[in-house]
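Listing of upload.txt, compact mmCIF, C-alpha atoms
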```txt
# COMPACT_ATOMS: atom_id res chain seq x y z
CA MET W 1 -19.84 9.93 5.21
CA LEU W 2 -16.17 9.30 5.94
CA ARG W 3 -13.78 12.22 5.54
CA ASP W 4 -11.67 10.53 2.86
CA ARG W 5 -14.78 9.81 0.81
CA ARG W 6 -15.88 13.45 1.07
CA HIS W 7 -12.43 14.55 -0.10
CA GLU W 8 -12.64 12.24 -3.11
CA LEU W 9 -16.07 13.57 -4.07
CA ILE W 10 -15.07 17.21 -3.60
CA LEU W 11 -12.20 16.71 -6.03
CA ARG W 12 -14.50 15.03 -8.53
CA VAL W 13 -16.96 17.94 -8.42
CA LEU W 14 -14.18 20.47 -8.94
CA ARG W 15 -12.73 18.45 -11.79
CA SER W 16 -16.02 18.13 -13.64
CA GLU W 17 -17.65 21.49 -12.83
CA GLY W 18 -14.87 23.91 -11.95
CA PRO W 19 -15.13 26.43 -9.07
CA VAL W 20 -17.83 25.60 -6.57
CA THR W 21 -19.16 27.17 -3.38
CA ALA W 22 -18.88 25.57 0.03
CA GLU W 23 -22.67 25.78 0.33
CA THR W 24 -23.12 23.74 -2.85
CA LEU W 25 -20.69 21.09 -1.65
CA ALA W 26 -22.43 20.90 1.73
CA GLU W 27 -25.75 20.30 0.01
CA ARG W 28 -24.36 17.74 -2.46
CA LEU W 29 -22.52 15.75 0.20
CA ALA W 30 -25.17 16.12 2.92
CA ALA W 31 -22.54 17.60 5.27
CA SER W 32 -22.46 20.69 7.45
CA LEU W 33 -20.91 23.89 6.13
CA ALA W 34 -18.32 23.78 8.91
CA THR W 35 -17.30 20.26 7.90
CA ILE W 36 -16.92 21.24 4.24
CA ARG W 37 -14.83 24.28 5.16
CA ARG W 38 -12.47 22.06 7.16
CA ASP W 39 -12.28 19.65 4.20
CA LEU W 40 -11.41 22.49 1.83
CA GLN W 41 -8.74 23.76 4.18
CA LYS W 42 -7.16 20.29 4.39
CA LEU W 43 -7.24 19.75 0.62
CA ASP W 44 -5.79 23.21 0.05
CA GLU W 45 -2.91 22.42 2.41
CA GLU W 46 -2.26 19.22 0.44
CA GLY W 47 -2.17 21.17 -2.81
CA LEU W 48 -5.14 19.36 -4.31
CA LEU W 49 -7.35 22.44 -4.69
CA LYS W 50 -7.24 26.21 -4.16
CA ARG W 51 -9.46 27.81 -1.56
CA VAL W 52 -11.21 30.99 -2.64
CA HIS W 53 -13.71 33.23 -0.90
CA GLY W 54 -16.83 31.17 -0.29
CA GLY W 55 -15.57 27.96 -1.83
CA ALA W 56 -12.80 26.36 -3.89
CA MET W 57 -11.43 25.97 -7.40
CA PRO W 58 -9.25 23.35 -9.12
CA VAL W 59 -5.49 23.74 -9.01
CA GLU W 60 -4.26 24.99 -12.38
CA GLY W 61 -2.31 22.33 -14.23
CA HIS W 62 -3.39 19.56 -11.87
CA ASP W 63 -5.58 17.52 -14.20
CA ASP W 64 -5.27 13.87 -13.23
CA PRO W 65 -8.34 12.85 -11.19
CA PHE W 66 -7.24 9.20 -11.35
CA THR W 67 -4.16 10.13 -9.30
CA ASP W 68 -6.31 12.16 -6.90
CA VAL W 69 -8.56 9.18 -6.19
CA ALA W 70 -5.59 6.80 -5.95
CA GLU W 71 -4.29 8.83 -3.03
CA VAL W 72 -7.45 8.18 -1.01
CA ARG W 73 -7.31 5.11 1.31
CA PRO W 74 -4.47 3.40 -0.62
CA ALA W 75 -3.67 0.82 2.08
CA GLU W 76 -7.30 -0.25 2.39
CA LYS W 77 -7.72 -0.53 -1.37
CA ASP W 78 -4.52 -2.54 -1.69
CA ALA W 79 -5.67 -5.05 0.94
CA VAL W 80 -8.88 -5.56 -1.05
CA ALA W 81 -6.89 -5.84 -4.30
CA LEU W 82 -4.52 -8.45 -2.88
CA ARG W 83 -7.39 -10.65 -1.69
CA CYS W 84 -8.99 -10.36 -5.12
CA ALA W 85 -5.77 -11.31 -6.91
CA GLU W 86 -5.43 -14.38 -4.67
CA MET W 87 -8.80 -15.65 -5.94
CA ILE W 88 -7.75 -15.53 -9.58
CA GLN W 89 -6.40 -18.81 -10.96
CA ASP W 90 -3.52 -19.13 -13.43
CA GLY W 91 -4.79 -19.64 -16.96
CA GLU W 92 -7.91 -17.54 -16.48
CA THR W 93 -9.08 -14.70 -18.70
CA VAL W 94 -9.71 -11.75 -16.43
CA LEU W 95 -11.53 -8.51 -17.23
CA LEU W 96 -10.27 -5.54 -15.23
CA ASP W 97 -12.55 -2.54 -14.88
CA ILE W 98 -11.28 1.01 -14.62
CA GLY W 99 -10.68 2.46 -11.18
CA THR W 100 -7.90 2.62 -8.65
CA THR W 101 -8.67 -0.65 -6.85
CA ALA W 102 -8.77 -2.62 -10.12
CA HIS W 103 -5.45 -1.00 -11.00
CA MET W 104 -4.01 -2.28 -7.71
CA VAL W 105 -5.30 -5.76 -8.59
CA ALA W 106 -3.27 -5.54 -11.82
CA ARG W 107 -0.11 -4.88 -9.81
CA HIS W 108 -0.68 -8.11 -7.89
CA LEU W 109 -1.17 -10.05 -11.15
CA ARG W 110 2.29 -9.34 -12.52
CA GLY W 111 4.23 -12.51 -13.31
CA ARG W 112 1.06 -14.63 -13.52
CA ALA W 113 0.10 -16.81 -16.49
CA LEU W 114 -3.11 -14.96 -17.29
CA THR W 115 -4.97 -13.18 -20.05
CA VAL W 116 -6.01 -9.72 -18.89
CA VAL W 117 -8.58 -7.68 -20.83
CA THR W 118 -9.08 -4.03 -19.90
CA SER W 119 -10.18 -0.54 -20.91
CA SER W 120 -7.97 1.04 -18.23
CA LEU W 121 -4.78 2.75 -19.39
CA PRO W 122 -3.17 2.54 -15.92
CA VAL W 123 -3.70 -1.23 -16.03
CA VAL W 124 -2.13 -1.34 -19.50
CA GLU W 125 0.88 0.63 -18.26
CA THR W 126 1.28 -1.74 -15.30
CA LEU W 127 1.20 -4.95 -17.36
CA ALA W 128 2.59 -3.86 -20.75
CA ASP W 129 6.12 -5.14 -20.09
CA ASP W 130 5.09 -8.36 -18.33
CA GLN W 131 5.96 -11.30 -20.59
CA HIS W 132 3.81 -13.71 -18.55
CA VAL W 133 0.55 -11.79 -18.99
CA GLN W 134 -1.27 -11.81 -22.31
CA LEU W 135 -2.72 -8.31 -22.43
CA VAL W 136 -5.79 -7.40 -24.49
CA VAL W 137 -6.63 -3.70 -24.74
CA LEU W 138 -10.21 -2.76 -25.58
CA GLY W 139 -10.66 -0.08 -28.21
CA GLY W 140 -12.79 3.02 -27.85
CA MET W 141 -12.84 6.74 -27.26
CA LEU W 142 -10.26 8.00 -24.78
CA ARG W 143 -11.69 9.53 -21.64
CA ARG W 144 -8.67 11.59 -20.71
CA ASP W 145 -9.80 12.71 -17.27
CA TYR W 146 -9.93 9.15 -16.00
CA ARG W 147 -7.58 7.44 -18.46
CA SER W 148 -10.12 4.94 -19.73
CA LEU W 149 -11.63 3.87 -23.05
CA VAL W 150 -15.39 4.16 -23.51
CA GLY W 151 -18.08 4.20 -26.15
CA TYR W 152 -19.69 1.87 -28.68
CA LEU W 153 -16.34 0.51 -29.92
CA THR W 154 -15.46 -0.60 -26.38
CA GLU W 155 -18.86 -2.22 -25.94
CA ASP W 156 -18.60 -3.94 -29.35
CA ASN W 157 -15.16 -5.33 -28.46
CA LEU W 158 -16.62 -6.79 -25.26
CA ARG W 159 -19.30 -8.65 -27.22
CA GLN W 160 -16.47 -10.66 -28.82
CA ILE W 161 -14.99 -11.74 -25.47
CA HIS W 162 -15.79 -14.31 -22.80
CA ALA W 163 -13.95 -13.87 -19.49
CA ASP W 164 -13.71 -16.24 -16.57
CA ARG W 165 -13.83 -13.39 -14.11
CA LEU W 166 -14.55 -9.66 -13.97
CA VAL W 167 -13.03 -7.38 -11.35
CA LEU W 168 -15.63 -4.62 -11.12
CA GLY W 169 -15.26 -1.27 -9.40
CA THR W 170 -17.99 1.03 -8.10
CA SER W 171 -18.59 4.46 -6.64
CA GLY W 172 -21.23 3.17 -4.28
CA ILE W 173 -23.41 0.25 -3.19
CA ARG W 174 -26.92 1.03 -2.01
CA PRO W 175 -28.48 -0.79 0.97
CA THR W 176 -30.55 -2.72 -1.60
CA GLY W 177 -27.34 -4.14 -3.05
CA THR W 178 -27.63 -2.02 -6.20
CA VAL W 179 -24.24 -1.09 -7.66
CA MET W 180 -23.95 2.57 -8.72
CA ASP W 181 -21.55 4.80 -10.63
CA THR W 182 -21.03 8.55 -10.74
CA THR W 183 -20.20 8.69 -14.46
CA VAL W 184 -22.96 7.81 -16.92
CA VAL W 185 -20.58 7.24 -19.83
CA GLU W 186 -18.85 4.36 -18.01
CA VAL W 187 -22.06 2.46 -17.19
CA PRO W 188 -22.64 0.80 -20.61
CA VAL W 189 -19.05 -0.46 -20.59
CA LYS W 190 -19.45 -1.90 -17.09
CA ARG W 191 -22.68 -3.61 -18.11
CA ALA W 192 -21.01 -5.07 -21.20
CA MET W 193 -18.18 -6.36 -19.00
CA ILE W 194 -20.70 -8.07 -16.72
CA ALA W 195 -22.43 -9.69 -19.71
CA ALA W 196 -19.06 -10.97 -21.00
CA SER W 197 -18.01 -12.59 -17.71
CA GLU W 198 -18.65 -15.93 -16.05
CA ARG W 199 -18.15 -14.52 -12.53
CA VAL W 200 -18.29 -10.95 -11.23
CA VAL W 201 -16.13 -9.87 -8.30
CA LEU W 202 -16.93 -6.42 -6.92
CA VAL W 203 -14.04 -4.70 -5.13
CA ALA W 204 -15.27 -2.03 -2.71
CA ASP W 205 -13.48 -0.44 0.21
CA VAL W 206 -15.33 0.97 3.21
CA GLY W 207 -16.00 4.31 1.50
CA LYS W 208 -18.33 2.65 -1.00
CA PHE W 209 -21.03 1.76 1.54
CA PRO W 210 -23.28 3.51 0.64
CA GLY W 211 -20.94 5.66 -1.46
CA THR W 212 -22.37 7.76 -4.26
CA GLY W 213 -23.59 7.50 -7.82
CA MET W 214 -26.53 8.59 -9.92
CA ALA W 215 -26.39 5.79 -12.49
CA LYS W 216 -27.31 2.17 -11.83
CA VAL W 217 -24.77 -0.39 -13.05
CA CYS W 218 -26.37 -3.63 -11.90
CA ASP W 219 -28.29 -5.41 -9.17
CA ALA W 220 -26.90 -7.60 -6.43
CA THR W 221 -28.08 -10.66 -8.40
CA ASP W 222 -25.47 -9.84 -11.06
CA LEU W 223 -22.64 -10.25 -8.54
CA ASP W 224 -20.91 -13.40 -7.31
CA VAL W 225 -18.44 -12.00 -4.77
CA VAL W 226 -17.96 -8.70 -2.92
CA ILE W 227 -14.55 -8.02 -1.38
CA THR W 228 -14.32 -5.21 1.15
CA ASN W 229 -12.13 -4.09 4.03
CA ALA W 230 -14.86 -3.36 6.55
CA PRO W 231 -18.06 -4.95 7.86
CA VAL W 232 -20.93 -4.43 5.44
CA ASP W 233 -23.89 -2.59 7.00
CA PRO W 234 -26.79 -4.89 7.96
CA ASP W 235 -29.19 -3.82 5.19
CA THR W 236 -26.62 -4.18 2.42
CA GLY W 237 -25.38 -7.45 3.89
CA ALA W 238 -28.91 -8.85 3.95
CA ALA W 239 -29.54 -7.79 0.33
CA LEU W 240 -26.30 -9.41 -0.82
CA ALA W 241 -27.03 -12.60 1.14
CA ASP W 242 -30.53 -12.82 -0.36
CA ALA W 243 -28.95 -12.57 -3.82
CA GLY W 244 -26.50 -15.38 -3.00
CA VAL W 245 -23.46 -13.11 -3.08
CA GLN W 246 -20.38 -14.15 -1.11
CA VAL W 247 -18.98 -11.29 0.97
CA LEU W 248 -15.27 -11.47 1.85
CA GLU W 249 -13.88 -9.08 4.46
CA VAL W 250 -10.12 -8.51 4.57
```
Rewritten as structure tokens:
Amino acid sequence: MLRDRRHELILRVLRSEGPVTAETLAERLAASLATIRRDLQKLDEEGLLKRVHGGAMPVEGHDDPFTDVAEVRPAEKDAVALRCAEMIQDGETVLLDIGTTAHMVARHLRGRALTVVTSSLPVVETLADDQHVQLVVLGGMLRRDYRSLVGYLTEDNLRQIHADRLVLGTSGIRPTGTVMDTTVVEVPVKRAMIAASERVVLVADVGKFPGTGMAKVCDATDLDVVITNAPVDPDTGAALADAGVQVLEV
């Protein structure tokens, strides 16, 4: 697993579970104890966590995991986001998933004659003052730690919508082409977005192959396009090709 991806996952564990031992992180991330200790030292130096004897704990008052993730591989994510935005045609209705790459796509859509539908508050903040974009905000329960709206109200809203295109994020893509997510509560919303969309574009930087995730979002057959910034591994590439998915490398 790439170092930046490990850093992202370490921060997620701390955010959701609180203090954790280095041994636990090593087991969860399938990394050596020495590697995890170096990761914790680096993240401590960057002020993203506090090292303690035997492990680490979250930094008090630092409670924005969306910002933490946004700081991981920003240039790579932005290259993927730009290519995705270039595919979108003026006049389309576009669903934007939560996540930092989808948020970057929103930045590249400013000034475009589009309808954007989203459950992501960062996307709303990016497009709220843009007079060219018709912005539709899905209702639901606020998930404060990731600044998104979830729940049955969000899913019900999506049943009333038909989008030309969905920009879907992920925490990991298995070699079988299965799209995964680390947060169970987001999965029903993602599935409802897929059902509401004519075409599904998955944005996934190099850290998402194979990435992580305990909850299945969809199969490769539910995707139309995958945009990434690195060569897809042979097994995943074969699974996507068998499903008729177009893979674009930037």
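You can rank W:Thr93, W:Arg159, W:Ala192, W:Arg15 by their closest distance to Arg144 (chain W) using all atoms listed in the file, and at the top of that list sits W:Arg15.
Coordinates place CA of Leu135 (chain W) at a distance of 16.1 Å from CA of Ala85 (chain W).
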Original post:
If you measure from CA of Ala241 (chain W) to CA of Met104 (chain W), what distance in Å do you get, rounded to one decimal?
Top reply: 26.7 Å
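With distances restricted to all atoms listed in the file, W:Val179 is the closest residue to Thr212 (chain W) from W:Val133, W:Leu248, W:Leu11, W:Val179.
Of the listed residues (W:Thr178, W:Ser148, W:Gln134, W:Thr100), W:Thr100 comes nearest to Asp205 (chain W); the distances count only C-alpha atoms.
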**OP:** Please provide as a PyMOL selection string all residues within 12 Å of Ala128 (chain W), with the sequence filter that same-chain residues fewer than 6 positions apart are discarded (counting all atoms listed in the file).
**Re:** chain W and resi 106-107+110-111+116-118+120-122+134-137
**OP:** Place a sphere of radius 12 Å on (-6.5, -14.6, -2.3) in the file coordinates and name every protein, DNA or RNA residue with an atom inside or on its surface, counting only C-alpha atoms; give the answer as a PyMOL selection string.
**Re:** chain W and resi 79-89+105+108-109+227+248-250
Sort by chain and increasing residue number a table of all residues of region 8-124 of chain W within 6 Å of region 160-170 of chain W, each with its closest pair of atoms and their distance in Å to one decimal, counting all atoms listed in the file, and write it as a tab-separated table.
```
residue	atom	partner	partner_atom	distance
W:Glu92	CA	W:Asp164	CA	5.9
W:Thr93	CA	W:Ala163	CA	5.0
W:Val94	CA	W:Arg165	CA	5.0
W:Leu95	CA	W:Leu166	CA	4.6
W:Leu96	CA	W:Val167	CA	5.1
W:Asp97	CA	W:Leu168	CA	5.3
```
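For the pair CA of Gly211 (chain W) and CA of Val185 (chain W), the interatomic distance is 18.4 Å.
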**OP:** Show which residues sit within 12 Å of His53 (chain W), as JSON, numbers by chain. Count all atoms listed in the file, and ignore same-chain residues fewer than 6 positions away.
**Re:** {"W": [19, 20, 21, 22, 23, 37, 40, 41]}
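Those residues that approach Val217 (chain W) to within 8 Å, counting only C-alpha atoms, are Thr178, Val179, Met180, Asp181, Val187, Pro188, Lys190 and Arg191 of chain W; same-chain residues fewer than 3 positions away are not listed.
The nearest approach to Met193 (chain W) among the residues W:Thr35, W:Thr126, W:Ser119, W:Thr228, with only C-alpha atoms taken into account, belongs to W:Ser119.
Distance check against Arg5 (chain W) using all atoms listed in the file: of W:Asp39, W:Glu17, W:Glu155, W:Asp222, the minimum falls on W:Asp39.
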**OP:** For each of W:Val189, W:Val13, W:Ile173, W:Val200, take the minimum atom-to-atom distance to Gly237 (chain W), counting all atoms listed in the file, then give the residue where this is smallest.
**Re:** W:Ile173
